[in-house]
Amino acid sequence: MLDRIKSVAELTSYIRHLIEGDLSLQDVWVSGEVSNMTRARSGHWYFTLKDSDAQLRCVMWRSDAARQTSPIDNGDAIEVHGKIGLYEPRGEYQLYADAIRPVGVGDLYQQFERLKAKLAAEGLFDAERKREYPAFPHQIGVVTSPTAAAFQDILNVLKRRFPLAEVILSPTMVQGNDAPRQIVEAIGRLNAYTEVDLILVCRGGGSIEDLWAFNDEQVALAVAGSRIPVITGVGHETDFTIVDFVSDVRAPTPSAAAEQAVPNLADINAGLRLLTERLDGMMYDALLEREDKLNNVQRTLDYISPARTIANFRQRVDDLHGRVQRSQQDRLRRLRDRLDSKTAALEAASPQAILNRGYAIVTRSDDDRRIISELDATPGTGITIQLKDGELKARIEDKDAHEQYKRTLF
Amino acid sequence: MSNINELSFEDAFQELEKIVTKLESGELNLEDSVNLFERGRQLSARCQQILDGAELRVSQLTEDGGLDPMD
């Protein structure tokens, strides 16, 4: 390769490939002091990282520069992550930086990872430790700073979504050396004195140092040991702290934690409306169904009703009744006729009637016995002849002597 | 059954849900259905009343466990 004369470009390109082919140079942290800090109008950052013995040109493209949270300035001790490349027009190698952090923060990351591994090994992050909390919390404990914007964010969300709840703030500092102790106590007070349904442990966004209290082991243990379920909302979307791993629910921000904690009033209203509509619909259906059934039964009942049979029977009874009456009347008339004829016969047979027809009843005057046979009287017997209007008295004569009258007469 | 006007939102809402489920099972006689329905309407009204009147209450827990109302 080097056995013939090269152009500068060829040589530079060769060196660039050597550098960029070395993977240990493509993922490297470098620490040093910032100098020649230039923020170009394009948004790219150019600076030199130096220590007492050497210096390194650094460039950070706009896309990476925009993501940096800690401001850096000349003289700052920082740690820069990136890859070494070669800028051929100038023949300069430089660090293409993608992350910057203050010196010391690296230690924090190591602490973070150590604690995370330890607590994970103790099982504090296990999914089965995560607890449910009520869908409609009555009381919500909030562990945060009363003066922080995060607290107002939480209140705004709760007012809008679920004003039925009652908020109990357990105030604490959320950053500084005393913050871990205070947070532990604030969680402890809620557990000791209240019956809140859940606790929001919250802090707004900030640098890793600002959020550090939430990576404290004692704070993590307090969250893990809380009798009451805990939702954490610490920092911004991408920030993860140790308490996020031990809490029952991790929300990306304080507002999101408040949203997690409660149902939405609008949803509840819709749910209530839906329930009420179902209730009304059901009652309507139930009544309609009963009405249908009733109508059906009514129809069946009409169909099988004995009313017609009863009417038939009634008519037959009427007929029979008429026939009975008529036959009774006939019978009576016949009886009356017979009675009449018998009465007439009786009357016709009465002695008076016989007398009236010119017959007479003859009795012996001495003993009143009727004379029916010629043997009942002898000549000389006194007799009484009863006629229709009175009596004649006579005496029986001798037959022969009486014949004389006949002869004489005719 | 408890007095409707003393029920919390949650209790009223849950009872309402139960009543609707029970009615939907369709195993009740008409009189029971009507009674449940009336109770359901009252629960619904109670829930609405609580929602309409709801205002977030905020207080602060003191060192010794007391509660100070906050504005």
# chains A, B, ... in the order shown; residues from 1 in each chain; ligands from 1
>>> residues_around(residues="region 43-51 of chain B", least_positions_apart="5", cutoff="9 Å", atoms="only C-alpha atoms", output="PyMOL selection string")
(chain A and resi 162-164+265+269+272-273+275-276) or (chain B and resi 4-5+7-10+12-13+15-16+38)
>>> interface_residues(of="chain B", to="chain A", cutoff="8 Å", atoms="only C-alpha atoms", output="VMD selection string")
chain B and resid 10 13 16 to 17 20 23 to 24 26 30 33 to 34 37 40 to 41 44 47 to 48 50 to 51 54 to 63 65 67
>>> write_last_selection(atoms="N, CA and C atoms", output="tab-separated table (two decimals), in the first residue's frame")
chain	number	residue	atom	x	y	z
B	10	GLU	N	-69.93	5.81	43.60
B	10	GLU	CA	-69.46	4.48	43.24
B	10	GLU	C	-70.49	3.41	43.58
B	13	PHE	N	-73.50	3.74	41.32
B	13	PHE	CA	-73.18	3.31	39.95
B	13	PHE	C	-73.10	1.78	39.88
B	16	LEU	N	-76.47	0.26	40.12
B	16	LEU	CA	-77.17	0.45	38.85
B	16	LEU	C	-76.71	-0.59	37.83
B	17	GLU	N	-75.40	-0.82	37.77
B	17	GLU	CA	-74.88	-1.83	36.85
B	17	GLU	C	-75.47	-3.20	37.16
B	20	VAL	N	-79.10	-3.43	36.04
B	20	VAL	CA	-79.25	-3.58	34.59
B	20	VAL	C	-78.92	-5.02	34.18
B	23	LEU	N	-81.78	-7.26	35.24
B	23	LEU	CA	-82.95	-7.10	34.37
B	23	LEU	C	-82.69	-7.76	33.02
B	24	GLU	N	-81.43	-7.65	32.56
B	24	GLU	CA	-81.12	-8.21	31.25
B	24	GLU	C	-81.17	-9.73	31.25
B	26	GLY	N	-83.51	-11.34	32.41
B	26	GLY	CA	-84.89	-11.62	32.03
B	26	GLY	C	-85.54	-12.72	32.84
B	30	LEU	N	-92.87	-9.63	36.55
B	30	LEU	CA	-93.10	-8.25	36.14
B	30	LEU	C	-92.99	-7.29	37.32
B	33	SER	N	-89.48	-6.71	38.27
B	33	SER	CA	-88.83	-5.92	37.22
B	33	SER	C	-89.16	-4.45	37.38
B	34	VAL	N	-90.43	-4.17	37.60
B	34	VAL	CA	-90.85	-2.77	37.71
B	34	VAL	C	-90.20	-2.14	38.93
B	37	PHE	N	-86.60	-1.56	38.16
B	37	PHE	CA	-86.49	-0.47	37.19
B	37	PHE	C	-86.60	0.88	37.89
B	40	GLY	N	-83.53	1.56	39.72
B	40	GLY	CA	-82.48	1.90	38.76
B	40	GLY	C	-82.56	3.35	38.32
B	41	ARG	N	-83.77	3.81	38.04
B	41	ARG	CA	-83.93	5.20	37.62
B	41	ARG	C	-83.49	6.15	38.73
B	44	SER	N	-79.73	6.17	38.88
B	44	SER	CA	-79.20	6.94	37.75
B	44	SER	C	-79.28	8.43	38.07
B	47	CYS	N	-76.63	9.37	40.65
B	47	CYS	CA	-75.30	9.48	40.04
B	47	CYS	C	-75.16	10.82	39.33
B	48	GLN	N	-76.18	11.16	38.55
B	48	GLN	CA	-76.13	12.41	37.79
B	48	GLN	C	-76.02	13.59	38.74
B	50	ILE	N	-74.75	13.65	41.74
B	50	ILE	CA	-73.41	13.73	42.34
B	50	ILE	C	-72.43	14.32	41.33
B	51	LEU	N	-72.53	13.85	40.08
B	51	LEU	CA	-71.60	14.33	39.06
B	51	LEU	C	-71.77	15.83	38.85
B	54	ALA	N	-70.18	17.84	41.64
B	54	ALA	CA	-68.84	17.49	42.09
B	54	ALA	C	-67.85	18.65	41.96
B	55	GLU	N	-67.07	18.84	43.01
B	55	GLU	CA	-66.01	19.84	42.96
B	55	GLU	C	-64.80	19.29	43.70
B	56	LEU	N	-63.66	19.30	43.05
B	56	LEU	CA	-62.47	18.68	43.62
B	56	LEU	C	-62.11	19.34	44.96
B	57	ARG	N	-61.98	18.51	45.99
B	57	ARG	CA	-61.56	19.03	47.30
B	57	ARG	C	-60.08	18.72	47.50
B	58	VAL	N	-59.36	19.70	47.99
B	58	VAL	CA	-57.92	19.52	48.16
B	58	VAL	C	-57.53	19.91	49.58
B	59	SER	N	-56.81	19.03	50.25
B	59	SER	CA	-56.31	19.40	51.56
B	59	SER	C	-54.87	18.91	51.70
B	60	GLN	N	-54.25	19.43	52.74
B	60	GLN	CA	-52.82	19.12	52.93
B	60	GLN	C	-52.64	18.39	54.25
B	61	LEU	N	-51.88	17.31	54.18
B	61	LEU	CA	-51.63	16.48	55.37
B	61	LEU	C	-50.51	17.12	56.19
B	62	THR	N	-50.78	17.31	57.47
B	62	THR	CA	-49.75	17.93	58.32
B	62	THR	C	-48.88	16.85	58.95
B	63	GLU	N	-47.83	17.31	59.61
B	63	GLU	CA	-46.86	16.39	60.22
B	63	GLU	C	-47.55	15.38	61.16
B	65	GLY	N	-50.61	14.36	61.10
B	65	GLY	CA	-51.71	13.61	60.55
B	65	GLY	C	-53.00	14.40	60.40
B	67	LEU	N	-55.52	17.47	58.73
B	67	LEU	CA	-55.80	17.86	57.35
B	67	LEU	C	-56.11	19.35	57.30
>>> residues_around(residues="region 244-253 of chain A", least_positions_apart="5", cutoff="8 Å", atoms="only C-alpha atoms", output="PDB file with N, CA, C and O atoms, in the first residue's frame")
ATOM      1  N   LEU A 124     -38.226  -6.676  43.689  1.00  0.00           N
ATOM      2  CA  LEU A 124     -39.122  -5.523  43.882  1.00  0.00           C
ATOM      3  C   LEU A 124     -39.756  -5.030  42.584  1.00  0.00           C
ATOM      4  O   LEU A 124     -40.707  -4.268  42.615  1.00  0.00           O
ATOM      5  N   PHE A 125     -39.213  -5.474  41.455  1.00  0.00           N
ATOM      6  CA  PHE A 125     -39.790  -5.015  40.179  1.00  0.00           C
ATOM      7  C   PHE A 125     -40.770  -6.039  39.606  1.00  0.00           C
ATOM      8  O   PHE A 125     -41.342  -5.820  38.554  1.00  0.00           O
ATOM      9  N   ARG A 129     -46.000  -8.155  41.858  1.00  0.00           N
ATOM     10  CA  ARG A 129     -46.097  -7.232  43.003  1.00  0.00           C
ATOM     11  C   ARG A 129     -47.032  -6.058  42.686  1.00  0.00           C
ATOM     12  O   ARG A 129     -47.487  -5.362  43.584  1.00  0.00           O
ATOM     13  N   LYS A 130     -47.265  -5.825  41.387  1.00  0.00           N
ATOM     14  CA  LYS A 130     -48.056  -4.658  40.990  1.00  0.00           C
ATOM     15  C   LYS A 130     -49.489  -4.833  41.450  1.00  0.00           C
ATOM     16  O   LYS A 130     -50.113  -5.872  41.212  1.00  0.00           O
ATOM     17  N   ARG A 131     -50.014  -3.801  42.100  1.00  0.00           N
ATOM     18  CA  ARG A 131     -51.353  -3.923  42.684  1.00  0.00           C
ATOM     19  C   ARG A 131     -52.381  -3.134  41.881  1.00  0.00           C
ATOM     20  O   ARG A 131     -52.057  -2.149  41.223  1.00  0.00           O
ATOM     21  N   GLU A 132     -53.615  -3.604  41.968  1.00  0.00           N
ATOM     22  CA  GLU A 132     -54.729  -2.874  41.372  1.00  0.00           C
ATOM     23  C   GLU A 132     -55.138  -1.748  42.326  1.00  0.00           C
ATOM     24  O   GLU A 132     -54.885  -1.828  43.525  1.00  0.00           O
ATOM     25  N   CYS A 202     -44.852  12.301  42.537  1.00  0.00           N
ATOM     26  CA  CYS A 202     -44.635  13.046  41.294  1.00  0.00           C
ATOM     27  C   CYS A 202     -43.572  14.125  41.427  1.00  0.00           C
ATOM     28  O   CYS A 202     -43.347  14.701  42.493  1.00  0.00           O
ATOM     29  N   ARG A 203     -42.975  14.393  40.287  1.00  0.00           N
ATOM     30  CA  ARG A 203     -42.062  15.528  40.160  1.00  0.00           C
ATOM     31  C   ARG A 203     -41.981  15.874  38.687  1.00  0.00           C
ATOM     32  O   ARG A 203     -41.971  14.979  37.840  1.00  0.00           O
ATOM     33  N   GLY A 204     -41.920  17.168  38.379  1.00  0.00           N
ATOM     34  CA  GLY A 204     -41.820  17.601  36.992  1.00  0.00           C
ATOM     35  C   GLY A 204     -40.448  17.281  36.423  1.00  0.00           C
ATOM     36  O   GLY A 204     -39.577  16.730  37.097  1.00  0.00           O
ATOM     37  N   GLY A 205     -40.259  17.667  35.154  1.00  0.00           N
ATOM     38  CA  GLY A 205     -39.008  17.356  34.463  1.00  0.00           C
ATOM     39  C   GLY A 205     -37.816  18.117  35.027  1.00  0.00           C
ATOM     40  O   GLY A 205     -37.965  19.136  35.695  1.00  0.00           O
ATOM     41  N   ALA A 220     -37.103   4.275  47.116  1.00  0.00           N
ATOM     42  CA  ALA A 220     -37.589   3.098  46.391  1.00  0.00           C
ATOM     43  C   ALA A 220     -38.211   2.094  47.357  1.00  0.00           C
ATOM     44  O   ALA A 220     -39.291   1.547  47.101  1.00  0.00           O
ATOM     45  N   VAL A 223     -41.607   3.305  48.559  1.00  0.00           N
ATOM     46  CA  VAL A 223     -42.653   3.090  47.542  1.00  0.00           C
ATOM     47  C   VAL A 223     -43.033   1.603  47.516  1.00  0.00           C
ATOM     48  O   VAL A 223     -44.212   1.250  47.517  1.00  0.00           O
ATOM     49  N   ALA A 224     -42.015   0.755  47.540  1.00  0.00           N
ATOM     50  CA  ALA A 224     -42.283  -0.687  47.490  1.00  0.00           C
ATOM     51  C   ALA A 224     -43.047  -1.144  48.731  1.00  0.00           C
ATOM     52  O   ALA A 224     -43.902  -2.023  48.651  1.00  0.00           O
ATOM     53  N   PRO A 229     -51.411   1.473  47.092  1.00  0.00           N
ATOM     54  CA  PRO A 229     -50.797   1.425  45.752  1.00  0.00           C
ATOM     55  C   PRO A 229     -50.235   2.786  45.327  1.00  0.00           C
ATOM     56  O   PRO A 229     -50.775   3.825  45.702  1.00  0.00           O
ATOM     57  N   VAL A 230     -49.148   2.752  44.570  1.00  0.00           N
ATOM     58  CA  VAL A 230     -48.451   3.981  44.184  1.00  0.00           C
ATOM     59  C   VAL A 230     -48.348   4.077  42.668  1.00  0.00           C
ATOM     60  O   VAL A 230     -48.012   3.110  41.982  1.00  0.00           O
ATOM     61  N   ILE A 231     -48.680   5.278  42.162  1.00  0.00           N
ATOM     62  CA  ILE A 231     -48.411   5.591  40.756  1.00  0.00           C
ATOM     63  C   ILE A 231     -47.310   6.636  40.737  1.00  0.00           C
ATOM     64  O   ILE A 231     -47.399   7.638  41.445  1.00  0.00           O
ATOM     65  N   THR A 232     -46.260   6.411  39.955  1.00  0.00           N
ATOM     66  CA  THR A 232     -45.200   7.413  39.863  1.00  0.00           C
ATOM     67  C   THR A 232     -45.318   8.169  38.558  1.00  0.00           C
ATOM     68  O   THR A 232     -45.688   7.611  37.528  1.00  0.00           O
ATOM     69  N   GLY A 233     -45.013   9.468  38.642  1.00  0.00           N
ATOM     70  CA  GLY A 233     -44.937  10.314  37.450  1.00  0.00           C
ATOM     71  C   GLY A 233     -43.792  11.274  37.680  1.00  0.00           C
ATOM     72  O   GLY A 233     -43.981  12.347  38.237  1.00  0.00           O
ATOM     73  N   VAL A 234     -42.611  10.848  37.281  1.00  0.00           N
ATOM     74  CA  VAL A 234     -41.400  11.624  37.589  1.00  0.00           C
ATOM     75  C   VAL A 234     -40.715  12.033  36.288  1.00  0.00           C
ATOM     76  O   VAL A 234     -40.418  11.172  35.450  1.00  0.00           O
ATOM     77  N   GLY A 235     -40.498  13.346  36.131  1.00  0.00           N
ATOM     78  CA  GLY A 235     -39.745  13.852  34.985  1.00  0.00           C
ATOM     79  C   GLY A 235     -40.572  13.872  33.725  1.00  0.00           C
ATOM     80  O   GLY A 235     -41.786  14.040  33.754  1.00  0.00           O
ATOM     81  N   HIS A 236     -39.867  13.695  32.616  1.00  0.00           N
ATOM     82  CA  HIS A 236     -40.518  13.717  31.311  1.00  0.00           C
ATOM     83  C   HIS A 236     -40.641  12.314  30.760  1.00  0.00           C
ATOM     84  O   HIS A 236     -40.152  11.352  31.353  1.00  0.00           O
ATOM     85  N   GLU A 237     -41.261  12.258  29.586  1.00  0.00           N
ATOM     86  CA  GLU A 237     -41.543  10.980  28.929  1.00  0.00           C
ATOM     87  C   GLU A 237     -40.415   9.960  29.063  1.00  0.00           C
ATOM     88  O   GLU A 237     -40.631   8.824  29.446  1.00  0.00           O
ATOM     89  N   THR A 238     -39.180  10.404  28.711  1.00  0.00           N
ATOM     90  CA  THR A 238     -38.108   9.430  28.549  1.00  0.00           C
ATOM     91  C   THR A 238     -37.350   9.149  29.837  1.00  0.00           C
ATOM     92  O   THR A 238     -36.511   8.272  29.881  1.00  0.00           O
ATOM     93  N   ASP A 239     -37.645   9.931  30.883  1.00  0.00           N
ATOM     94  CA  ASP A 239     -36.907   9.720  32.123  1.00  0.00           C
ATOM     95  C   ASP A 239     -37.436   8.513  32.867  1.00  0.00           C
ATOM     96  O   ASP A 239     -38.641   8.397  33.110  1.00  0.00           O
ATOM     97  N   GLN A 260     -53.917   8.495  34.895  1.00  0.00           N
ATOM     98  CA  GLN A 260     -53.953   7.049  35.210  1.00  0.00           C
ATOM     99  C   GLN A 260     -54.797   6.765  36.439  1.00  0.00           C
ATOM    100  O   GLN A 260     -55.415   5.719  36.559  1.00  0.00           O
TER     101      GLN A 260
END
>>> atom_distance(atom1="CA of Ile383 (chain A)", atom2="CA of Ile396 (chain A)")
7.2 Å
>>> closest_residue(among="A:Asp126, A:Glu217, A:Glu195, A:Asp389", to="Phe112 (chain A)", atoms="only C-alpha atoms")
A:Glu217
>>> select_by_dssp(residues="chain B", states="strand (DSSP E)", output="list of chain:residue names")
B:Arg57, B:Val58, B:Ser59, B:Gln60, B:Leu61, B:Leu67, B:Asp68, B:Pro69
>>> write_last_selection(atoms="N, CA and C atoms", output="mmCIF file, in the first residue's frame")
data_model
loop_
_atom_site.group_PDB
_atom_site.id
_atom_site.type_symbol
_atom_site.label_atom_id
_atom_site.label_comp_id
_atom_site.auth_asym_id
_atom_site.auth_seq_id
_atom_site.Cartn_x
_atom_site.Cartn_y
_atom_site.Cartn_z
ATOM 1 N N ARG B 57 -61.980 18.515 45.994
ATOM 2 C CA ARG B 57 -61.559 19.030 47.297
ATOM 3 C C ARG B 57 -60.075 18.717 47.499
ATOM 4 N N VAL B 58 -59.364 19.699 47.993
ATOM 5 C CA VAL B 58 -57.919 19.520 48.164
ATOM 6 C C VAL B 58 -57.528 19.911 49.580
ATOM 7 N N SER B 59 -56.813 19.027 50.251
ATOM 8 C CA SER B 59 -56.307 19.399 51.561
ATOM 9 C C SER B 59 -54.870 18.913 51.696
ATOM 10 N N GLN B 60 -54.245 19.429 52.736
ATOM 11 C CA GLN B 60 -52.820 19.122 52.930
ATOM 12 C C GLN B 60 -52.645 18.392 54.246
ATOM 13 N N LEU B 61 -51.879 17.309 54.183
ATOM 14 C CA LEU B 61 -51.630 16.484 55.367
ATOM 15 C C LEU B 61 -50.510 17.116 56.191
ATOM 16 N N LEU B 67 -55.523 17.468 58.733
ATOM 17 C CA LEU B 67 -55.796 17.860 57.350
ATOM 18 C C LEU B 67 -56.114 19.349 57.302
ATOM 19 N N ASP B 68 -55.342 20.111 56.512
ATOM 20 C CA ASP B 68 -55.628 21.518 56.293
ATOM 21 C C ASP B 68 -56.207 21.696 54.901
ATOM 22 N N PRO B 69 -57.425 22.255 54.804
ATOM 23 C CA PRO B 69 -57.985 22.494 53.463
ATOM 24 C C PRO B 69 -57.104 23.452 52.680
#
>>> select_by_dssp(residues="chain B", states="alpha helix (DSSP H)", output="PyMOL selection string")
chain B and resi 9-25+30-53
>>> write_last_selection(atoms="N, CA and C atoms", output="tab-separated table (two decimals), in the first residue's frame")
chain	number	residue	atom	x	y	z
B	9	PHE	N	-71.24	7.91	44.86
B	9	PHE	CA	-71.36	7.74	43.42
B	9	PHE	C	-71.03	6.29	43.04
B	10	GLU	N	-69.93	5.81	43.60
B	10	GLU	CA	-69.46	4.48	43.24
B	10	GLU	C	-70.49	3.41	43.58
B	11	ASP	N	-71.05	3.50	44.80
B	11	ASP	CA	-72.03	2.49	45.22
B	11	ASP	C	-73.27	2.56	44.34
B	12	ALA	N	-73.72	3.81	44.07
B	12	ALA	CA	-74.93	3.96	43.25
B	12	ALA	C	-74.68	3.42	41.86
B	13	PHE	N	-73.50	3.74	41.32
B	13	PHE	CA	-73.18	3.31	39.95
B	13	PHE	C	-73.10	1.78	39.88
B	14	GLN	N	-72.46	1.19	40.88
B	14	GLN	CA	-72.31	-0.27	40.89
B	14	GLN	C	-73.66	-0.96	41.03
B	15	GLU	N	-74.51	-0.39	41.89
B	15	GLU	CA	-75.83	-1.01	42.07
B	15	GLU	C	-76.63	-0.90	40.77
B	16	LEU	N	-76.47	0.26	40.12
B	16	LEU	CA	-77.17	0.45	38.85
B	16	LEU	C	-76.71	-0.59	37.83
B	17	GLU	N	-75.40	-0.82	37.77
B	17	GLU	CA	-74.88	-1.83	36.85
B	17	GLU	C	-75.47	-3.20	37.16
B	18	LYS	N	-75.54	-3.51	38.47
B	18	LYS	CA	-76.07	-4.82	38.87
B	18	LYS	C	-77.53	-4.95	38.44
B	19	ILE	N	-78.28	-3.88	38.65
B	19	ILE	CA	-79.71	-3.93	38.33
B	19	ILE	C	-79.90	-4.16	36.83
B	20	VAL	N	-79.10	-3.43	36.04
B	20	VAL	CA	-79.25	-3.58	34.59
B	20	VAL	C	-78.92	-5.02	34.18
B	21	THR	N	-77.84	-5.56	34.76
B	21	THR	CA	-77.48	-6.95	34.43
B	21	THR	C	-78.59	-7.91	34.83
B	22	LYS	N	-79.15	-7.67	36.02
B	22	LYS	CA	-80.20	-8.55	36.53
B	22	LYS	C	-81.43	-8.47	35.62
B	23	LEU	N	-81.78	-7.26	35.24
B	23	LEU	CA	-82.95	-7.10	34.37
B	23	LEU	C	-82.69	-7.76	33.02
B	24	GLU	N	-81.43	-7.65	32.56
B	24	GLU	CA	-81.12	-8.21	31.25
B	24	GLU	C	-81.17	-9.73	31.25
B	25	SER	N	-81.03	-10.33	32.43
B	25	SER	CA	-81.11	-11.79	32.50
B	25	SER	C	-82.54	-12.24	32.21
B	30	LEU	N	-92.87	-9.63	36.55
B	30	LEU	CA	-93.10	-8.25	36.14
B	30	LEU	C	-92.99	-7.29	37.32
B	31	GLU	N	-93.56	-7.69	38.44
B	31	GLU	CA	-93.58	-6.77	39.58
B	31	GLU	C	-92.16	-6.48	40.06
B	32	ASP	N	-91.33	-7.54	40.16
B	32	ASP	CA	-89.94	-7.33	40.57
B	32	ASP	C	-89.21	-6.47	39.55
B	33	SER	N	-89.48	-6.71	38.27
B	33	SER	CA	-88.83	-5.92	37.22
B	33	SER	C	-89.16	-4.45	37.38
B	34	VAL	N	-90.43	-4.17	37.60
B	34	VAL	CA	-90.85	-2.77	37.71
B	34	VAL	C	-90.20	-2.14	38.93
B	35	ASN	N	-90.16	-2.88	40.04
B	35	ASN	CA	-89.53	-2.33	41.23
B	35	ASN	C	-88.05	-2.04	41.00
B	36	LEU	N	-87.37	-3.00	40.35
B	36	LEU	CA	-85.94	-2.82	40.07
B	36	LEU	C	-85.73	-1.64	39.14
B	37	PHE	N	-86.60	-1.56	38.16
B	37	PHE	CA	-86.49	-0.47	37.19
B	37	PHE	C	-86.60	0.88	37.89
B	38	GLU	N	-87.56	1.00	38.79
B	38	GLU	CA	-87.73	2.27	39.51
B	38	GLU	C	-86.50	2.58	40.34
B	39	ARG	N	-85.98	1.57	41.00
B	39	ARG	CA	-84.76	1.75	41.79
B	39	ARG	C	-83.61	2.19	40.87
B	40	GLY	N	-83.53	1.56	39.72
B	40	GLY	CA	-82.48	1.90	38.76
B	40	GLY	C	-82.56	3.35	38.32
B	41	ARG	N	-83.77	3.81	38.04
B	41	ARG	CA	-83.93	5.20	37.62
B	41	ARG	C	-83.49	6.15	38.73
B	42	GLN	N	-83.82	5.78	39.96
B	42	GLN	CA	-83.43	6.64	41.08
B	42	GLN	C	-81.91	6.67	41.24
B	43	LEU	N	-81.29	5.49	41.05
B	43	LEU	CA	-79.82	5.42	41.16
B	43	LEU	C	-79.18	6.26	40.07
B	44	SER	N	-79.73	6.17	38.88
B	44	SER	CA	-79.20	6.94	37.75
B	44	SER	C	-79.28	8.43	38.07
B	45	ALA	N	-80.42	8.85	38.61
B	45	ALA	CA	-80.59	10.27	38.96
B	45	ALA	C	-79.61	10.67	40.05
B	46	ARG	N	-79.41	9.76	41.01
B	46	ARG	CA	-78.47	10.03	42.10
B	46	ARG	C	-77.05	10.24	41.54
B	47	CYS	N	-76.63	9.37	40.65
B	47	CYS	CA	-75.30	9.48	40.04
B	47	CYS	C	-75.16	10.82	39.33
B	48	GLN	N	-76.18	11.16	38.55
B	48	GLN	CA	-76.13	12.41	37.79
B	48	GLN	C	-76.02	13.59	38.74
B	49	GLN	N	-76.78	13.50	39.83
B	49	GLN	CA	-76.79	14.59	40.81
B	49	GLN	C	-75.39	14.76	41.41
B	50	ILE	N	-74.75	13.65	41.74
B	50	ILE	CA	-73.41	13.73	42.34
B	50	ILE	C	-72.43	14.32	41.33
B	51	LEU	N	-72.53	13.85	40.08
B	51	LEU	CA	-71.60	14.33	39.06
B	51	LEU	C	-71.77	15.83	38.85
B	52	ASP	N	-73.03	16.25	38.78
B	52	ASP	CA	-73.30	17.67	38.52
B	52	ASP	C	-72.75	18.55	39.63
B	53	GLY	N	-72.77	18.03	40.86
B	53	GLY	CA	-72.36	18.85	41.98
B	53	GLY	C	-70.92	18.67	42.40
>>> residues_around(residues="Thr384 (chain A)", least_positions_apart="6", cutoff="6 Å", atoms="only C-alpha atoms", output="list of chain:residue names")
A:Val362, A:Thr363, A:Ser365, A:Leu392, A:Lys393
>>> write_last_selection(atoms="C-alpha atoms", output="PDB file, in the first residue's frame")
ATOM      1  CA  VAL A 362    -190.257 -43.921  47.173  1.00  0.00           C
ATOM      2  CA  THR A 363    -189.749 -44.775  50.814  1.00  0.00           C
ATOM      3  CA  SER A 365    -193.243 -43.920  55.630  1.00  0.00           C
ATOM      4  CA  LEU A 392    -196.760 -37.112  48.100  1.00  0.00           C
ATOM      5  CA  LYS A 393    -198.106 -39.494  50.740  1.00  0.00           C
TER       6      LYS A 393
END
>>> residues_around(residues="region 68-70 of chain A", least_positions_apart="3", cutoff="9 Å", atoms="only C-alpha atoms", output="ChimeraX atom specification")
/A:64-65,99-102,206-207
>>> write_last_selection(atoms="C-alpha atoms", output="mmCIF file, in the first residue's frame")
data_model
loop_
_atom_site.group_PDB
_atom_site.id
_atom_site.type_symbol
_atom_site.label_atom_id
_atom_site.label_comp_id
_atom_site.auth_asym_id
_atom_site.auth_seq_id
_atom_site.Cartn_x
_atom_site.Cartn_y
_atom_site.Cartn_z
ATOM 1 C CA ASP A 64 -28.155 15.722 18.662
ATOM 2 C CA ALA A 65 -27.447 19.231 19.940
ATOM 3 C CA ALA A 99 -24.330 12.847 23.975
ATOM 4 C CA ILE A 100 -22.893 15.142 26.579
ATOM 5 C CA ARG A 101 -23.132 14.942 30.334
ATOM 6 C CA PRO A 102 -21.475 16.765 33.175
ATOM 7 C CA GLY A 206 -35.403 18.251 35.211
ATOM 8 C CA SER A 207 -31.844 17.111 34.894
#
>>> residues_around(residues="region 213-215 of chain A", least_positions_apart="2", cutoff="7 Å", atoms="only C-alpha atoms", output="ChimeraX atom specification")
/A:112,174-175,179-180,211,217,219,241-243
>>> write_last_selection(atoms="C-alpha atoms", output="JSON list (two decimals), in the first residue's frame")
[["chain", "number", "residue", "atom", "x", "y", "z"],
["A", 112, "PHE", "CA", -28.47, 3.87, 39.11],
["A", 174, "VAL", "CA", -38.52, 16.88, 45.60],
["A", 175, "GLN", "CA", -34.89, 17.77, 45.07],
["A", 179, "ALA", "CA", -35.49, 15.31, 49.52],
["A", 180, "PRO", "CA", -35.15, 11.50, 49.86],
["A", 211, "LEU", "CA", -34.54, 13.80, 39.65],
["A", 217, "GLU", "CA", -32.78, 3.36, 47.65],
["A", 219, "VAL", "CA", -37.33, 6.19, 48.55],
["A", 241, "THR", "CA", -36.13, 6.54, 37.78],
["A", 242, "ILE", "CA", -35.80, 3.68, 40.23],
["A", 243, "VAL", "CA", -39.16, 4.44, 41.84]]
>>> atom_distance(atom1="CA of Leu387 (chain A)", atom2="CA of Ala401 (chain A)")
25.5 Å
>>> residues_around(residues="Ala66 (chain A)", least_positions_apart="4", cutoff="12 Å", atoms="only C-alpha atoms", output="number ranges by chain")
A: 39, 42-45, 60-62, 70-71, 98-100
